[in-house]
Amino acid sequence: MPMPYSELVMEHFRHPRNVGRIEDADAKSIEGSPACGDMVAVYLKVDPEGLRINDIKFESYGCASNIATGSIITELAKGKTLEEAKAISWKQASEALGGLPPIKTHCSVLAVDGLRAAIQNYEERHGLVKERVPTTVDIVRKRLKRVMNPVVGLDLVRTKLVRDIEVADGTVSLVIDLPADHQFANSIHEDVREKIEPLWDVDKVVVEFTE
Ligand code: FES
């Protein structure tokens, strides 16, 4: 049977570059793919003067294509300015790997989304967001689509765990449909805060669990 992957994909899969986490990262992201439920985490160290990516690492909880594209986007992004890195596309990543089977397009999309979300996280943490759109319930819901429900490996919104969202005077209040002593309540709480707090006009995130 012919291999579905190019030599390059296999090489990056077997010897992925820049794997791991950066403990004192300046920014990070965790993105999940709605297509397959796999995840990728991206960590950045950024030079605050030139806004250049000095170091980048990734962790993949996905397939061979996901690992290979994580590897290639970190190589493409290292040393680039945030603006240059934002312009890296999934098509470019896939081309740099000598092509991916069409059914695997979402894997490179996931890796590039992870990179963009990490850059966005840096910009939000450092007051660099140019488009200051006021936070709405819809924006919060969109972000919660990036928080996984570890019970089933899909996001909180799709698994209908978000019972209520309110946005008022810089406070975002959420009700999550899980008991407060559930084994994953703490990690979900932390993930939710991590995704919502960086929004430029949010001062406080209040998470309530049911029961
Ligand atoms: Fe899920 Fe590739 S199949 S990232």
# chains A, B, ... in the order shown; residues from 1 in each chain; ligands from 1

$ closest_atom_pairs --of "chain A" --to "ligand 1" --cutoff "9 Å" --atoms "only C-alpha atoms and all ligand atoms" --output "Markdown table"
| residue | atom | partner | partner_atom_place_in_ligand_line | distance |
| --- | --- | --- | --- | --- |
| A:Gly32 | CA | ligand 1 | 4 (S) | 8.5 |
| A:Ser33 | CA | ligand 1 | 1 (Fe) | 6.6 |
| A:Pro34 | CA | ligand 1 | 1 (Fe) | 8.8 |
| A:Ala35 | CA | ligand 1 | 1 (Fe) | 7.0 |
| A:Cys36 | CA | ligand 1 | 1 (Fe) | 4.6 |
| A:Gly37 | CA | ligand 1 | 1 (Fe) | 6.3 |
| A:Asp38 | CA | ligand 1 | 1 (Fe) | 4.6 |
| A:Met39 | CA | ligand 1 | 4 (S) | 6.9 |
| A:Val40 | CA | ligand 1 | 4 (S) | 8.2 |
| A:Ser60 | CA | ligand 1 | 4 (S) | 8.5 |
| A:Tyr61 | CA | ligand 1 | 4 (S) | 7.9 |
| A:Gly62 | CA | ligand 1 | 4 (S) | 4.7 |
| A:Cys63 | CA | ligand 1 | 2 (Fe) | 4.4 |
| A:Ala64 | CA | ligand 1 | 2 (Fe) | 6.7 |
| A:Ser65 | CA | ligand 1 | 2 (Fe) | 5.4 |
| A:Asn66 | CA | ligand 1 | 4 (S) | 4.7 |
| A:Ile67 | CA | ligand 1 | 4 (S) | 8.0 |
| A:Ile103 | CA | ligand 1 | 3 (S) | 8.5 |
| A:Lys104 | CA | ligand 1 | 2 (Fe) | 5.9 |
| A:Thr105 | CA | ligand 1 | 2 (Fe) | 8.1 |
| A:His106 | CA | ligand 1 | 4 (S) | 6.5 |
| A:Cys107 | CA | ligand 1 | 4 (S) | 3.9 |
| A:Ser108 | CA | ligand 1 | 4 (S) | 7.4 |
| A:Val109 | CA | ligand 1 | 4 (S) | 8.6 |
| A:Leu110 | CA | ligand 1 | 4 (S) | 6.6 |
| A:Ala111 | CA | ligand 1 | 4 (S) | 8.1 |

$ residues_around --residues "range 185-198 of chain A" --least-positions-apart "2" --cutoff "8 Å" --atoms "only C-alpha atoms" --output "ChimeraX atom specification"
/A:121,124-125,140,143-144,146-149,178-183,200,202-205,207,209

$ select_by_dssp --residues "range 4-153 of chain A" --states "alpha helix (DSSP H)" --output "ChimeraX atom specification"
/A:7-14,64-77,82-86,90-96,105-125,137-144

$ atom_distance --atom1 "CA of Ile30 in chain A" --atom2 "CA of Thr210 in chain A"
25.5 Å

$ select_by_dssp --residues "range 7-187 of chain A" --states "strand (DSSP E)" --output "VMD selection string"
chain A and resid 27 to 32 39 to 47 52 to 61 148 to 149 154 to 155 162 to 168 171 to 179

$ residues_around --residues "range 7-18 of chain A" --least-positions-apart "6" --cutoff "12 Å" --atoms "only C-alpha atoms" --output "count of residues only"
38

$ residues_around --residues "Asp26 in chain A" --least-positions-apart "2" --cutoff "8 Å" --atoms "only C-alpha atoms" --output "PyMOL selection string"
chain A and resi 24+28+43-46+122

$ residues_around --residues "Ala85 in chain A" --least-positions-apart "2" --cutoff "10 Å" --atoms "only C-alpha atoms" --output "list in words"
Arg52, Ile53, Ile73, Thr74, Leu76, Ala77, Lys78, Gly79, Lys80, Thr81, Leu82, Glu83, Ala87, Ile88, Ser89, Val112, Leu115, Arg116 and Ile119 of chain A

$ atom_distance --atom1 "CA of Tyr5 in chain A" --atom2 "CA of Val19 in chain A"
20.4 Å

$ closest_residue --among "A:Asp201, A:Asp138, A:Phe184, A:Asn54" --to "Val152 in chain A" --atoms "only C-alpha atoms"
A:Phe184

$ atom_distance --atom1 "CA of Asp169 in chain A" --atom2 "CA of Pro134 in chain A"
10.7 Å
